[in-house]
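Let me begin by presenting the structure, written as structure tokens, before commenting on it.
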Amino acid sequence: MRHPQTVYSFRHRSLVAALLLAIPYLSFAEESGRKEEVESLPEVKVTSKAEKNQSSEKTKSYTVNSTSSATRLNTSIRDTPQSISVITRELMDDFRVLTVNDALSLATGVRVEQFETDRSEYTARGFNITNFQVDGLSIPITYGTQYGDLDVALYDRIEVLRGANGLLTAMGNPSATINFIRKRPTTEFKAKVDASLGTWDNRRLDADVSGALNADGSVRARLVMAHQEKNSYLDRYSNERNVIYGVIEADLSDNTSMAVGHTYHQNNSSGNNWGSLPLLYVDGSKRHYKRSDSTAPSWSYWDVDTNITFAELTHNFSNGWKAKGQLTHRQIDSDSRLHYIYGNEDRATGLGLKSYPGMYRTRTEDNVADFYANGPFDLAGRKHEMVFGTTWSKAAVRDFSRFGPIGTSLSSFENAGDFPLPTFDAENKSADFTMRTINSYAAAKFNPTDALKVTAGASLVSYNLEGVSFGDPQASKANNKVTPYAGAVYDLNDDHSVYASYAGIYKPQVERSVNGGVLAPLEGKNYEAGVKSEWFNGRLNSTFALFKTEQENQPQPAGMLGGVTTYKGIQATSKGFEFDASGELSDSLSVNAGYTRLMSLKGANNQNVNPFTPRNQAHVAAVYKVPSIQNLKLGANVYWQSDTHVDIDLSDGNGDPVGTFRYKQDSYATLNLSANYKIDEHWHTALNLYNVTNEKYLTSLRYAYSGQAYYAAPMSALATLTWTY
């Protein structure tokens, strides 16, 4: 079940050209604003950009005051005509959330599909999430597949915008957009060190240092480092992760700032599975395993190194306009030696399982150049806002593979982990393709009355995909494809609003079609309407949303060919509703909660699609400051989902079909607990317990059409000692 990777890239000179074209216009607007100034202004103290924007680690809240994930118009959650969940730094720290998978499990409606130890995908509203941003800049992950554990030590918060977001991400997607917001330097000196020790020899050390590099604070820096080593409840599996993130910000003038930074992320695993446990015997009866069972031999490994370098230049004009240019280069190097087990065992003989060993070496590169400007304008006697911008990117992926003897029979499942290291053949280039994309967009937020806000915009996308992937030509292109966006928010009173939004969906695809080549672009429409509220003077945000998505060529796994998953494009319609709430109920109680109900997820012939997606999901995470015991916080995090299933086609040892069998996973709930005690000004300690009820469940049925899955971790614990300055 191997997926080739794709990322985006482009030449940096395109951004320079855009800046040269746009700055004269903005400079003219700035000068026009100055002509109206007839009196000298009193001296104003200028604070740094780091102090103007409140990070979630500074507010220590479970919600945020504003977000720009939808349109780059910096608005409150209530004024954004789509539903948004925010996983803040305080929430992640309270529950000692260390990876993106754990963080996204706290987002309403998001399902983390970890179908292997080192590969995960994410779904929302019944569909794959393929739109990812870092600080608002789109850097898609191919197929939405995340390789290895992605650490969250360097992020201040994670914003999850549900529904289509074709305006900023170039290609709309009806599930969600995940926006990772990096930590930024602070003017004041800060330092923090966390040391953790947990179950299965889980050892971790974090360090975070930030502060000014000169006397007036105009140059600031931040360094974040993390190291973790751990074994596992799974036989033979272990993991090591290293993270280094450094960023420098400088105020070049009162209105101009720049930032440069780099992230290095290393994720090395050994004994990791490729594919999972065969769920059925060849007669269709259900197999039972210990949670520790794994098909991976000790010689398997998967090492992933990620390097991201970025630069930003921001100018704030005196008339309220802002222009920002960004350059990002990302390179991911992946090296793996894997062992896939396929087939189904005969109860009587133990035979039926076969070996598929493979070695893969992949490099993906993207260079992204982005420029945008936003600000206010006057029309019909009222103030409004607009944004326009362009993102250029070029994606490149090269994949090399080697294979051992394929089809070697195993004597039984019990011998899978002891399978000897085979001899691999010569290395061959299996994928070499690029995708070039240009996305230009414009949007405006009109304020026709004090109570009504209307956002309208569109993106103009051109792309070209060419190359070869696992023997199939990769060829797809489109010019000037328009994706519309519209939304409105109406204030019922000071605390409650109603909203509605519409977005077109257009997404070129790189999934391998069962007919050869790639799937046709995904197209469709996304509708959403709901009620947004602010409670307790804005300390708590809530949203109730109704949604409907119609799309064509939605990728559906159809099987495997040459070790690569193939897909067919289907028509699919998703309908449902969701509720989300986050923030503070009082000075003592913080909460993050949500519920999603998929009322319908149907195909063209009214058949259920993506049955591995739960039709009901709910979570509640709450932390309470105990008044009778000063400095003690107690927390609980509950997740529940309804039953799921998948239909598995079985064949016997000769390849003849046996039949189709349904594998069902019942509904389940998990419980995590936390306790945090502040010893004094500099020291505090915490204890986190995960899966306290020791629930036994499969991590995902996402790719169980091939008849495989594995079990999640049993109860575990992590103790942490923290020093802050």
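Each chain in the structure tokens gets a letter, A, B and so on, in the order shown; residues start at 1 in every chain, and ligands are counted from 1 in the order they appear.
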
query = If we count only C-alpha atoms, what is near range 299-313 of chain A at a cut-off of 7 Å, once residues fewer than 2 positions away on the same chain are taken out, given as a ChimeraX atom specification?
reply = /A:257-272,296-297,315,324-339,421

Contacts of range 641-650 of chain A at 10 Å (only C-alpha atoms; same-chain gap of 6+ positions) as JSON, numbers by chain = {"A": [111, 279, 280, 281, 282, 283, 284, 343, 344, 595, 596, 597, 609, 610, 611, 612, 613, 614, 615, 616, 617, 618, 619, 656, 657, 658, 659, 660, 661, 662, 663, 664, 665, 666, 667, 668, 669, 670, 700, 701, 702, 703, 704, 705, 706, 707, 708]}

Selection export as a short mmCIF file (atom, residue, chain, number, x, y, z; two decimals), in the first residue's frame, atoms kept: N, CA and C atoms:
data_model
loop_
_atom_site.label_atom_id
_atom_site.label_comp_id
_atom_site.auth_asym_id
_atom_site.auth_seq_id
_atom_site.Cartn_x
_atom_site.Cartn_y
_atom_site.Cartn_z
N ARG A 111 -11.02 13.02 11.95
CA ARG A 111 -10.71 11.62 12.27
C ARG A 111 -9.28 11.35 11.85
N LEU A 279 -7.06 -9.27 8.90
CA LEU A 279 -8.21 -9.29 9.80
C LEU A 279 -9.03 -10.57 9.72
N LEU A 280 -8.94 -11.30 8.58
CA LEU A 280 -9.78 -12.47 8.37
C LEU A 280 -8.95 -13.68 7.98
N TYR A 281 -9.47 -14.85 8.32
CA TYR A 281 -8.96 -16.08 7.74
C TYR A 281 -9.50 -16.20 6.32
N VAL A 282 -8.96 -17.14 5.56
CA VAL A 282 -9.35 -17.27 4.16
C VAL A 282 -10.82 -17.68 4.01
N ASP A 283 -11.42 -18.26 5.05
CA ASP A 283 -12.84 -18.63 4.98
C ASP A 283 -13.75 -17.47 5.38
N GLY A 284 -13.16 -16.28 5.69
CA GLY A 284 -13.95 -15.11 6.04
C GLY A 284 -14.21 -14.95 7.52
N GLY A 343 -2.38 -11.69 1.66
CA GLY A 343 -3.05 -12.98 1.65
C GLY A 343 -3.79 -13.23 2.96
N ASN A 344 -4.39 -14.40 3.08
CA ASN A 344 -5.17 -14.77 4.27
C ASN A 344 -4.86 -16.20 4.65
N TYR A 595 -19.13 17.94 18.47
CA TYR A 595 -19.89 16.78 18.02
C TYR A 595 -20.16 16.93 16.53
N THR A 596 -19.96 15.86 15.77
CA THR A 596 -20.23 15.85 14.34
C THR A 596 -21.14 14.68 14.00
N ARG A 597 -22.18 14.98 13.23
CA ARG A 597 -23.11 13.96 12.77
C ARG A 597 -23.15 13.98 11.24
N VAL A 609 -20.72 5.43 0.96
CA VAL A 609 -19.31 5.48 0.60
C VAL A 609 -18.49 5.79 1.85
N ASN A 610 -17.23 5.44 1.80
CA ASN A 610 -16.32 5.65 2.93
C ASN A 610 -16.92 5.15 4.25
N PRO A 611 -17.34 3.88 4.31
CA PRO A 611 -17.96 3.37 5.53
C PRO A 611 -17.00 3.27 6.71
N PHE A 612 -15.71 3.42 6.43
CA PHE A 612 -14.73 3.43 7.52
C PHE A 612 -14.81 4.73 8.32
N THR A 613 -15.52 5.74 7.80
CA THR A 613 -15.68 7.01 8.50
C THR A 613 -16.86 6.91 9.46
N PRO A 614 -16.65 7.18 10.75
CA PRO A 614 -17.77 7.13 11.70
C PRO A 614 -18.80 8.20 11.38
N ARG A 615 -20.07 7.83 11.44
CA ARG A 615 -21.14 8.79 11.18
C ARG A 615 -21.39 9.70 12.37
N ASN A 616 -20.87 9.35 13.53
CA ASN A 616 -21.00 10.19 14.73
C ASN A 616 -19.65 10.25 15.45
N GLN A 617 -19.24 11.46 15.81
CA GLN A 617 -18.01 11.65 16.58
C GLN A 617 -18.27 12.73 17.64
N ALA A 618 -17.69 12.54 18.81
CA ALA A 618 -17.82 13.54 19.87
C ALA A 618 -16.56 13.54 20.73
N HIS A 619 -16.20 14.70 21.24
CA HIS A 619 -15.09 14.79 22.18
C HIS A 619 -15.33 15.94 23.15
N ASP A 656 -8.52 -17.39 -6.79
CA ASP A 656 -9.95 -17.48 -7.09
C ASP A 656 -10.76 -16.82 -5.98
N PRO A 657 -11.81 -16.05 -6.34
CA PRO A 657 -12.58 -15.33 -5.33
C PRO A 657 -13.31 -16.27 -4.38
N VAL A 658 -13.27 -15.92 -3.10
CA VAL A 658 -13.98 -16.68 -2.07
C VAL A 658 -15.31 -16.00 -1.74
N GLY A 659 -15.31 -14.69 -1.70
CA GLY A 659 -16.52 -13.94 -1.37
C GLY A 659 -16.17 -12.60 -0.76
N THR A 660 -17.21 -11.81 -0.47
CA THR A 660 -17.05 -10.51 0.17
C THR A 660 -17.58 -10.60 1.59
N PHE A 661 -16.77 -10.16 2.54
CA PHE A 661 -17.11 -10.28 3.95
C PHE A 661 -17.02 -8.90 4.61
N ARG A 662 -17.98 -8.61 5.47
CA ARG A 662 -18.01 -7.32 6.17
C ARG A 662 -17.31 -7.43 7.52
N TYR A 663 -16.37 -6.51 7.72
CA TYR A 663 -15.68 -6.44 9.03
C TYR A 663 -16.18 -5.19 9.73
N LYS A 664 -16.69 -5.34 10.93
CA LYS A 664 -17.28 -4.23 11.66
C LYS A 664 -16.51 -3.94 12.94
N GLN A 665 -16.28 -2.67 13.19
CA GLN A 665 -15.73 -2.24 14.48
C GLN A 665 -16.83 -1.51 15.24
N ASP A 666 -17.12 -1.99 16.44
CA ASP A 666 -18.17 -1.38 17.25
C ASP A 666 -17.76 0.02 17.71
N SER A 667 -18.74 0.79 18.14
CA SER A 667 -18.46 2.11 18.70
C SER A 667 -17.56 1.95 19.93
N TYR A 668 -16.78 2.97 20.18
CA TYR A 668 -15.89 2.91 21.35
C TYR A 668 -15.62 4.32 21.87
N ALA A 669 -15.12 4.37 23.09
CA ALA A 669 -14.76 5.64 23.72
C ALA A 669 -13.42 5.48 24.42
N THR A 670 -12.64 6.55 24.43
CA THR A 670 -11.37 6.56 25.15
C THR A 670 -11.37 7.71 26.15
N SER A 700 -7.63 2.25 12.69
CA SER A 700 -8.30 2.75 11.49
C SER A 700 -8.73 1.58 10.60
N LEU A 701 -9.85 1.78 9.91
CA LEU A 701 -10.26 0.87 8.85
C LEU A 701 -10.11 1.53 7.49
N ARG A 702 -9.30 2.61 7.43
CA ARG A 702 -9.17 3.42 6.21
C ARG A 702 -8.76 2.56 5.01
N TYR A 703 -7.80 1.68 5.19
CA TYR A 703 -7.35 0.83 4.09
C TYR A 703 -7.62 -0.64 4.38
N ALA A 704 -8.62 -0.89 5.19
CA ALA A 704 -8.95 -2.27 5.53
C ALA A 704 -9.71 -2.98 4.42
N TYR A 705 -9.98 -2.28 3.29
CA TYR A 705 -10.53 -2.99 2.13
C TYR A 705 -9.58 -4.11 1.70
N SER A 706 -8.27 -3.93 2.02
CA SER A 706 -7.30 -4.98 1.73
C SER A 706 -7.24 -6.01 2.85
N GLY A 707 -8.09 -5.79 3.88
CA GLY A 707 -8.21 -6.79 4.94
C GLY A 707 -7.22 -6.64 6.06
N GLN A 708 -6.68 -5.42 6.29
CA GLN A 708 -5.65 -5.27 7.31
C GLN A 708 -5.89 -4.04 8.17
#

Pick from A:Val152, A:Ala456, A:Leu353, A:Leu106, whichever lies nearest to Ser651 in chain A using only C-alpha atoms =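 Closest to Ser651 in chain A of all the choices is A:Leu353.
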
task = Kindly indicate which residue among A:Asn541, A:Thr256, A:Asn631, A:Gln571 lies nearest to Asn65 in chain A, using only C-alpha atoms for the distances.
result =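 Among A:Asn541, A:Thr256, A:Asn631, A:Gln571, it is A:Asn541 that comes nearest to Asn65 in chain A.
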
remark   = Thr99 in chain A proximity check over A:Leu73, A:Val247, A:Ala226, A:Val397, using only C-alpha atoms: winner is A:Ala226

query = Could you state the separation of CA of Ala593 in chain A and CA of Ala176 in chain A in Å, given to one decimal place?
reply =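 Atom-to-atom, CA of Ala593 in chain A and CA of Ala176 in chain A are spaced 17.5 Å apart.
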
Picked from range 127-279 of chain A by DSSP as strand (DSSP E or B), as a ChimeraX atom specification = /A:127-128,131-134,137-138,146-147,151,155-162,176-182,190-198,202-212,219-230,238-251,256-270,274,277-278

Residues near range 495-512 of chain A, cut-off 8 Å, only C-alpha atoms, skip fewer than 2 positions along chain, as a ChimeraX atom specification = /A:78,81-82,142-143,164-166,171-174,474,476,483-493,514,516-535,551,555,565-567

The selected residues should be written to file as a short mmCIF file (atom, residue, chain, number, x, y, z; two decimals), in the first residue's frame (atoms: N, CA and C atoms).
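Done, and the output landed in part_25.cif:
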data_model
loop_
_atom_site.label_atom_id
_atom_site.label_comp_id
_atom_site.auth_asym_id
_atom_site.auth_seq_id
_atom_site.Cartn_x
_atom_site.Cartn_y
_atom_site.Cartn_z
N ARG A 78 -16.14 34.39 15.15
CA ARG A 78 -17.57 34.65 14.95
C ARG A 78 -17.84 35.29 13.59
N PRO A 81 -17.29 33.09 8.04
CA PRO A 81 -18.49 32.34 7.63
C PRO A 81 -18.24 30.86 7.38
N GLN A 82 -17.41 30.24 8.18
CA GLN A 82 -17.18 28.80 8.18
C GLN A 82 -16.85 28.39 9.61
N THR A 142 0.84 15.38 -0.18
CA THR A 142 0.24 14.55 -1.21
C THR A 142 -0.68 13.50 -0.61
N TYR A 143 -1.86 13.38 -1.15
CA TYR A 143 -2.88 12.46 -0.70
C TYR A 143 -3.31 12.72 0.74
N ALA A 164 -14.74 23.70 2.36
CA ALA A 164 -13.83 24.00 1.26
C ALA A 164 -13.09 25.31 1.51
N ASN A 165 -11.86 25.37 1.01
CA ASN A 165 -11.04 26.58 1.15
C ASN A 165 -10.26 26.79 -0.13
N GLY A 166 -10.96 26.86 -1.24
CA GLY A 166 -10.30 27.01 -2.54
C GLY A 166 -9.69 28.37 -2.77
N MET A 171 -6.47 24.82 -4.62
CA MET A 171 -7.41 23.78 -4.99
C MET A 171 -8.36 23.52 -3.83
N GLY A 172 -9.64 23.74 -4.05
CA GLY A 172 -10.61 23.58 -2.99
C GLY A 172 -10.74 22.13 -2.56
N ASN A 173 -11.13 21.92 -1.31
CA ASN A 173 -11.33 20.59 -0.77
C ASN A 173 -12.47 20.67 0.22
N PRO A 174 -13.42 19.75 0.18
CA PRO A 174 -14.61 19.90 1.01
C PRO A 174 -14.47 19.42 2.44
N GLN A 474 2.28 10.64 -15.84
CA GLN A 474 1.55 11.62 -15.03
C GLN A 474 1.37 12.87 -15.90
N SER A 476 -1.46 16.03 -16.58
CA SER A 476 -2.71 16.71 -16.31
C SER A 476 -2.43 18.19 -16.26
N THR A 483 -12.43 29.29 -9.11
CA THR A 483 -13.12 28.72 -7.96
C THR A 483 -13.75 29.85 -7.16
N PRO A 484 -15.09 29.93 -7.06
CA PRO A 484 -15.74 31.03 -6.35
C PRO A 484 -15.85 30.78 -4.85
N TYR A 485 -16.01 31.87 -4.12
CA TYR A 485 -16.19 31.80 -2.67
C TYR A 485 -17.12 32.94 -2.25
N ALA A 486 -18.10 32.65 -1.41
CA ALA A 486 -19.00 33.69 -0.90
C ALA A 486 -19.49 33.31 0.48
N GLY A 487 -19.62 34.30 1.34
CA GLY A 487 -20.11 34.04 2.69
C GLY A 487 -20.70 35.30 3.30
N ALA A 488 -21.62 35.12 4.23
CA ALA A 488 -22.25 36.25 4.90
C ALA A 488 -22.46 35.93 6.37
N VAL A 489 -22.29 36.94 7.21
CA VAL A 489 -22.53 36.82 8.64
C VAL A 489 -23.45 37.95 9.07
N TYR A 490 -24.53 37.62 9.77
CA TYR A 490 -25.48 38.63 10.25
C TYR A 490 -25.57 38.55 11.76
N ASP A 491 -25.30 39.68 12.43
CA ASP A 491 -25.35 39.74 13.88
C ASP A 491 -26.78 39.88 14.36
N LEU A 492 -27.26 38.90 15.11
CA LEU A 492 -28.59 38.99 15.71
C LEU A 492 -28.59 39.95 16.89
N ASN A 493 -27.50 39.94 17.63
CA ASN A 493 -27.30 40.88 18.74
C ASN A 493 -25.82 40.93 19.04
N VAL A 514 -7.36 3.27 -11.61
CA VAL A 514 -7.39 1.84 -11.95
C VAL A 514 -7.25 1.64 -13.45
N GLY A 516 -5.17 3.41 -15.31
CA GLY A 516 -3.88 3.97 -15.71
C GLY A 516 -3.91 5.48 -15.66
N GLY A 517 -2.74 6.09 -15.52
CA GLY A 517 -2.67 7.54 -15.42
C GLY A 517 -3.18 8.02 -14.08
N VAL A 518 -3.65 9.28 -14.04
CA VAL A 518 -4.14 9.86 -12.80
C VAL A 518 -5.64 10.13 -12.92
N LEU A 519 -6.27 10.26 -11.75
CA LEU A 519 -7.69 10.56 -11.73
C LEU A 519 -7.95 11.96 -12.30
N ALA A 520 -9.12 12.13 -12.87
CA ALA A 520 -9.54 13.46 -13.33
C ALA A 520 -9.70 14.38 -12.13
N PRO A 521 -9.62 15.70 -12.31
CA PRO A 521 -9.75 16.64 -11.19
C PRO A 521 -11.05 16.44 -10.42
N LEU A 522 -10.98 16.65 -9.13
CA LEU A 522 -12.16 16.61 -8.28
C LEU A 522 -12.88 17.95 -8.38
N GLU A 523 -14.18 17.92 -8.61
CA GLU A 523 -14.96 19.14 -8.76
C GLU A 523 -16.26 19.02 -7.97
N GLY A 524 -16.81 20.17 -7.57
CA GLY A 524 -18.07 20.13 -6.86
C GLY A 524 -18.42 21.44 -6.20
N LYS A 525 -19.34 21.36 -5.22
CA LYS A 525 -19.84 22.53 -4.52
C LYS A 525 -19.94 22.23 -3.03
N ASN A 526 -19.75 23.27 -2.21
CA ASN A 526 -19.81 23.12 -0.77
C ASN A 526 -20.70 24.22 -0.18
N TYR A 527 -21.68 23.80 0.63
CA TYR A 527 -22.61 24.75 1.26
C TYR A 527 -22.50 24.59 2.78
N GLU A 528 -22.64 25.72 3.49
CA GLU A 528 -22.61 25.68 4.95
C GLU A 528 -23.44 26.82 5.51
N ALA A 529 -24.16 26.57 6.59
CA ALA A 529 -24.93 27.61 7.28
C ALA A 529 -24.98 27.26 8.76
N GLY A 530 -25.08 28.29 9.59
CA GLY A 530 -25.09 27.99 11.01
C GLY A 530 -25.25 29.20 11.89
N VAL A 531 -25.02 28.97 13.17
CA VAL A 531 -25.13 30.00 14.21
C VAL A 531 -23.82 30.05 14.97
N LYS A 532 -23.28 31.26 15.16
CA LYS A 532 -22.07 31.44 15.96
C LYS A 532 -22.38 32.34 17.14
N SER A 533 -21.73 32.03 18.26
CA SER A 533 -22.00 32.78 19.49
C SER A 533 -20.72 33.02 20.26
N GLU A 534 -20.72 34.11 20.98
CA GLU A 534 -19.67 34.41 21.96
C GLU A 534 -20.30 34.48 23.34
N TRP A 535 -19.67 33.83 24.29
CA TRP A 535 -20.20 33.77 25.64
C TRP A 535 -19.17 34.32 26.62
N GLN A 551 -19.74 16.44 -4.91
CA GLN A 551 -18.50 16.39 -5.67
C GLN A 551 -18.46 15.19 -6.62
N PRO A 555 -11.83 10.36 -4.87
CA PRO A 555 -11.03 9.14 -4.95
C PRO A 555 -11.48 8.09 -3.95
N THR A 565 -1.35 1.63 -4.29
CA THR A 565 -2.79 1.70 -4.21
C THR A 565 -3.37 2.39 -5.44
N THR A 566 -4.42 1.84 -6.01
CA THR A 566 -5.12 2.46 -7.13
C THR A 566 -6.49 2.93 -6.67
N TYR A 567 -7.04 3.88 -7.43
CA TYR A 567 -8.29 4.52 -7.03
C TYR A 567 -9.25 4.59 -8.22
#

ask   = In Å, how far is it from CA of Arg398 in chain A to CA of Asp151 in chain A?
value = 24.9 Å
